[in-house]
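Since the structure comes first, as structure tokens, the remarks are kept for the end.
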Amino acid sequence: MSDVATFNAHPAVAVQAESPLAISRITVATLTSAQGAGVCVREHALLGHLILRGRAADEGFRAGVEVALGLPLPLKMGPVSRDAERGVSVQWMSPDEWLIVVPQGEDYATEARLREALSGHYAVMQVSGAQTVLELSGPSALAVLMKSAGYDFHPRNFPVGKGVSTTLAKSTAVIRRVGEAQWELIIRRSFADYLYRWLLDASEEYGVFVAR
Amino acid sequence: MLHIYCPHCDEHREEEEFRSKGEAHIARPPEPESASDEDWGNYLFFRKNPRGLHHEQWFHAVGCRKFFNVTRDTVSYEILETYKPGQQPVVTAESRNGSASDKGAAK
């Protein structure tokens, strides 16, 4: 265990927490049910996000991460390690950087497990407050992404399970394909309102349902 | 739009994801204290501006946020290769002209 001072961002008493989209106004016509909607938008708010830095070449580091997360550390761009049942995922962001997403409230325990299992030159950063997750699903979700970003979303280049960090609507996002017609966008807090409204506006023509 | 291959991401990406960061392979004088003013000035301020083959640094700002090197033709904009920092270019002015001079030597 390292002697780095850590901080549990979740207070013992219940307090009201708001997602970055709490103040967003929806200005497009939305459907009242997912039935017949081309695109379904759902926010997965207040999840635990951690940035892990370390040396991929270090065997001890890779083994430690696997012990702490129960998932293998992805060593190249693209394939996201994911345990859908536990809601834990690890994505390669750069040769020495990974994004870990865990269910709400589990970030502090995950950080502690990582610090327990790792030693030497590494870093764990708590970024839960900096970003949020939007889920796009439905038959037209792909069309919305294709007209909003320059990346090649064709299944040939973007199979299920892949995740990339790229440009989206003049901003940036981490985009992951969870299922054939299901996508996960990890967006920055400061751009959340803009991107949310962009995506709703882009989805309006296909019929959009906002799940809450 | 340029389609640039990032050697870290192992994939071609849109130019929009990258930033050009100027000339590559600029060596810092090993002993700054004993370097002449001219050498230090050249290191800090003077850059090549070739017409033709150029080795440049690029930054994958929106992707992996890592630097890498690009060998690019400044006339045609053609990217001849990309490689990681610390590696040496395969395509150089010499290797490009080399084939021509080889032919010349054969005559």
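Letters for chains follow the order of the structure tokens (A, B, ...), residue numbers begin at 1 for each chain, and ligand numbers begin at 1 in the order shown.
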
So which residues of chain B fall under helix (DSSP H, G or I) by DSSP, listed as number ranges by chain? B: 15-17, 32-34, 37-45, 93-106

Nearby residues (only C-alpha atoms) at most 7 Å from stretch 43-59 of chain B, same-chain spacing under 5 positions excluded, as a PyMOL selection string: chain B and resi 18-24+28+65-75+93

Two-atom distance - atom CA of B:Tyr83, atom CA of A:Ile100 (Å): 28.4 Å

Please check the contacts: residues of chain B at most 12 Å away from chain A, using only C-alpha atoms, listed as a ChimeraX atom specification. /B:1,3,6-18,60-67,84

Atom CA of A:Ser128 to atom CA of A:Leu114, straight-line distance in Å: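 If I compute the distance from atom CA of A:Leu114 to atom CA of A:Ser128, I get 16.0 Å.
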
What's the 12 Å shell around A:Ala68, counting only C-alpha atoms, without same-chain residues fewer than 5 positions away, as number ranges by chain? A: 61-63, 73, 88, 90, 100, 109-118

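Minimum atom-to-atom distance to A:Ser119, evaluated using only C-alpha atoms, belongs to A:Gly64 out of A:Pro20, A:Gly87, A:Gly48, A:Gly64.
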
Between atom CA of A:Leu200 and atom CA of A:Ala29, what distance in Å does the model show, to one decimal?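 Distance between the two atoms: 9.0 Å.
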
Where does DSSP see strand (DSSP E) in chain B, if you list the residues as a ChimeraX atom specification? /B:3-6,11-14,19-23,53-59,67-73,79-83

Env of stretch 207-210 of chain A: 6 Å cut, atoms = only C-alpha atoms, seq-sep filter 4 positions within chain, self excluded. Answer as a list of chain:residue names. A:Thr30, A:Leu31, A:Ala34, A:Ala37, A:Gly38, A:Val39, A:Cys40, A:Val41, A:Ser203

Prev. selection, N, CA and C atoms, output as a short mmCIF file (atom, residue, chain, number, x, y, z; two decimals), in the first residue's frame:
```cif
data_model
loop_
_atom_site.label_atom_id
_atom_site.label_comp_id
_atom_site.auth_asym_id
_atom_site.auth_seq_id
_atom_site.Cartn_x
_atom_site.Cartn_y
_atom_site.Cartn_z
N THR A 30 -39.35 15.38 -28.52
CA THR A 30 -38.95 14.01 -28.16
C THR A 30 -40.18 13.12 -28.09
N LEU A 31 -39.95 11.82 -28.22
CA LEU A 31 -41.04 10.85 -28.14
C LEU A 31 -41.30 10.50 -26.67
N ALA A 34 -39.81 4.52 -25.96
CA ALA A 34 -38.75 4.02 -26.83
C ALA A 34 -39.34 3.30 -28.05
N ALA A 37 -38.80 4.65 -31.62
CA ALA A 37 -37.78 5.70 -31.64
C ALA A 37 -36.55 5.24 -32.42
N GLY A 38 -36.03 6.12 -33.24
CA GLY A 38 -34.81 5.78 -33.98
C GLY A 38 -33.59 5.79 -33.08
N VAL A 39 -33.64 6.72 -32.11
CA VAL A 39 -32.52 6.86 -31.19
C VAL A 39 -33.04 6.98 -29.77
N CYS A 40 -32.40 6.25 -28.88
CA CYS A 40 -32.74 6.35 -27.47
C CYS A 40 -31.50 6.88 -26.73
N VAL A 41 -31.66 8.00 -26.02
CA VAL A 41 -30.54 8.61 -25.30
C VAL A 41 -30.75 8.41 -23.81
N SER A 203 -30.57 13.80 -33.48
CA SER A 203 -31.42 12.61 -33.43
C SER A 203 -32.89 12.91 -33.73
#
```

Which residues come within 10 Å of A:Ala169, counting only C-alpha atoms, excluding same-chain residues fewer than 3 positions away, as a short mmCIF file (atom, residue, chain, number, x, y, z; two decimals) with C-alpha atoms, in the first residue's frame?
```
data_model
loop_
_atom_site.label_atom_id
_atom_site.label_comp_id
_atom_site.auth_asym_id
_atom_site.auth_seq_id
_atom_site.Cartn_x
_atom_site.Cartn_y
_atom_site.Cartn_z
CA LEU A 145 -22.67 9.37 -34.84
CA LYS A 147 -23.01 12.78 -39.12
CA SER A 148 -21.50 14.14 -35.90
CA ALA A 149 -17.95 12.77 -36.11
CA GLY A 150 -15.28 12.18 -38.73
CA THR A 172 -14.09 15.44 -28.17
CA ALA A 173 -15.47 12.21 -26.76
CA TYR A 194 -23.44 21.20 -25.58
CA LEU A 195 -22.92 17.61 -26.73
CA TRP A 198 -26.17 18.46 -30.23
CA LEU A 199 -26.99 14.75 -30.09
#
```

Just the residues within 7 Å of stretch 185-189 of chain A, please, counting only C-alpha atoms, with nothing from its chain fewer than 3 positions along; format it as a list in words.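 Using only C-alpha atoms, the neighbours found are Pro20, Ala130, Gln131, Thr132, Val133, Leu134, Glu135, Ala173, Val174, Ile175, Arg176 and Ala192 of chain A.
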
Please, could you write that set of residues out with all heavy atoms as an mmCIF file, in the first residue's frame?
```cif
data_model
loop_
_atom_site.group_PDB
_atom_site.id
_atom_site.type_symbol
_atom_site.label_atom_id
_atom_site.label_comp_id
_atom_site.auth_asym_id
_atom_site.auth_seq_id
_atom_site.Cartn_x
_atom_site.Cartn_y
_atom_site.Cartn_z
ATOM 1 N N PRO A 20 -23.914 16.519 -14.696
ATOM 2 C CA PRO A 20 -23.631 17.739 -15.466
ATOM 3 C C PRO A 20 -24.789 18.142 -16.374
ATOM 4 O O PRO A 20 -24.834 19.266 -16.867
ATOM 5 C CB PRO A 20 -22.406 17.358 -16.303
ATOM 6 C CG PRO A 20 -21.828 16.166 -15.652
ATOM 7 C CD PRO A 20 -22.938 15.463 -14.953
ATOM 8 N N ALA A 130 -15.354 14.860 -13.583
ATOM 9 C CA ALA A 130 -14.947 15.561 -14.802
ATOM 10 C C ALA A 130 -15.697 15.096 -16.031
ATOM 11 O O ALA A 130 -15.665 15.753 -17.058
ATOM 12 C CB ALA A 130 -13.449 15.377 -15.022
ATOM 13 N N GLN A 131 -16.343 13.950 -15.944
ATOM 14 C CA GLN A 131 -16.992 13.435 -17.153
ATOM 15 C C GLN A 131 -18.245 12.644 -16.815
ATOM 16 O O GLN A 131 -18.463 12.248 -15.678
ATOM 17 C CB GLN A 131 -16.017 12.583 -17.961
ATOM 18 C CG GLN A 131 -15.224 11.577 -17.153
ATOM 19 C CD GLN A 131 -13.957 11.141 -17.872
ATOM 20 O OE1 GLN A 131 -13.403 11.879 -18.673
ATOM 21 N NE2 GLN A 131 -13.517 9.937 -17.605
ATOM 22 N N THR A 132 -19.050 12.447 -17.851
ATOM 23 C CA THR A 132 -20.278 11.681 -17.668
ATOM 24 C C THR A 132 -20.467 10.754 -18.860
ATOM 25 O O THR A 132 -19.805 10.914 -19.888
ATOM 26 C CB THR A 132 -21.488 12.614 -17.466
ATOM 27 O OG1 THR A 132 -22.625 11.831 -17.072
ATOM 28 C CG2 THR A 132 -21.838 13.366 -18.742
ATOM 29 N N VAL A 133 -21.357 9.793 -18.717
ATOM 30 C CA VAL A 133 -21.545 8.790 -19.768
ATOM 31 C C VAL A 133 -22.935 8.938 -20.381
ATOM 32 O O VAL A 133 -23.933 8.982 -19.678
ATOM 33 C CB VAL A 133 -21.385 7.364 -19.191
ATOM 34 C CG1 VAL A 133 -21.581 6.328 -20.288
ATOM 35 C CG2 VAL A 133 -20.022 7.195 -18.546
ATOM 36 N N LEU A 134 -22.972 9.026 -21.709
ATOM 37 C CA LEU A 134 -24.233 9.044 -22.433
ATOM 38 C C LEU A 134 -24.335 7.755 -23.223
ATOM 39 O O LEU A 134 -23.364 7.341 -23.851
ATOM 40 C CB LEU A 134 -24.263 10.211 -23.427
ATOM 41 C CG LEU A 134 -24.710 11.586 -22.953
ATOM 42 C CD1 LEU A 134 -24.739 12.522 -24.154
ATOM 43 C CD2 LEU A 134 -26.081 11.527 -22.318
ATOM 44 N N GLU A 135 -25.497 7.137 -23.186
ATOM 45 C CA GLU A 135 -25.696 5.933 -23.985
ATOM 46 C C GLU A 135 -26.625 6.253 -25.141
ATOM 47 O O GLU A 135 -27.688 6.833 -24.946
ATOM 48 C CB GLU A 135 -26.298 4.826 -23.107
ATOM 49 C CG GLU A 135 -26.489 3.520 -23.855
ATOM 50 C CD GLU A 135 -27.385 2.553 -23.081
ATOM 51 O OE1 GLU A 135 -27.241 2.466 -21.857
ATOM 52 O OE2 GLU A 135 -28.228 1.921 -23.731
ATOM 53 N N ALA A 173 -14.767 13.214 -27.557
ATOM 54 C CA ALA A 173 -15.471 12.214 -26.757
ATOM 55 C C ALA A 173 -14.739 10.891 -26.859
ATOM 56 O O ALA A 173 -14.041 10.630 -27.834
ATOM 57 C CB ALA A 173 -16.905 12.046 -27.258
ATOM 58 N N VAL A 174 -14.917 10.080 -25.835
ATOM 59 C CA VAL A 174 -14.496 8.683 -25.907
ATOM 60 C C VAL A 174 -15.738 7.915 -26.349
ATOM 61 O O VAL A 174 -16.794 8.023 -25.728
ATOM 62 C CB VAL A 174 -14.006 8.181 -24.536
ATOM 63 C CG1 VAL A 174 -13.717 6.690 -24.586
ATOM 64 C CG2 VAL A 174 -12.765 8.957 -24.111
ATOM 65 N N ILE A 175 -15.632 7.215 -27.460
ATOM 66 C CA ILE A 175 -16.793 6.531 -28.032
ATOM 67 C C ILE A 175 -16.537 5.031 -28.009
ATOM 68 O O ILE A 175 -15.489 4.570 -28.436
ATOM 69 C CB ILE A 175 -17.053 7.016 -29.477
ATOM 70 C CG1 ILE A 175 -17.229 8.539 -29.478
ATOM 71 C CG2 ILE A 175 -18.270 6.314 -30.065
ATOM 72 C CD1 ILE A 175 -17.399 9.147 -30.848
ATOM 73 N N ARG A 176 -17.506 4.282 -27.482
ATOM 74 C CA ARG A 176 -17.363 2.825 -27.412
ATOM 75 C C ARG A 176 -18.592 2.162 -27.973
ATOM 76 O O ARG A 176 -19.709 2.629 -27.748
ATOM 77 C CB ARG A 176 -17.238 2.392 -25.943
ATOM 78 C CG ARG A 176 -16.106 3.032 -25.209
ATOM 79 C CD ARG A 176 -16.508 3.141 -23.758
ATOM 80 N NE ARG A 176 -15.343 3.026 -22.919
ATOM 81 C CZ ARG A 176 -15.356 2.646 -21.653
ATOM 82 N NH1 ARG A 176 -16.499 2.379 -21.068
ATOM 83 N NH2 ARG A 176 -14.264 2.577 -20.973
ATOM 84 N N ALA A 192 -20.668 18.705 -21.678
ATOM 85 C CA ALA A 192 -21.786 17.770 -21.578
ATOM 86 C C ALA A 192 -23.086 18.376 -22.101
ATOM 87 O O ALA A 192 -23.791 17.754 -22.908
ATOM 88 C CB ALA A 192 -21.954 17.309 -20.135
#
```
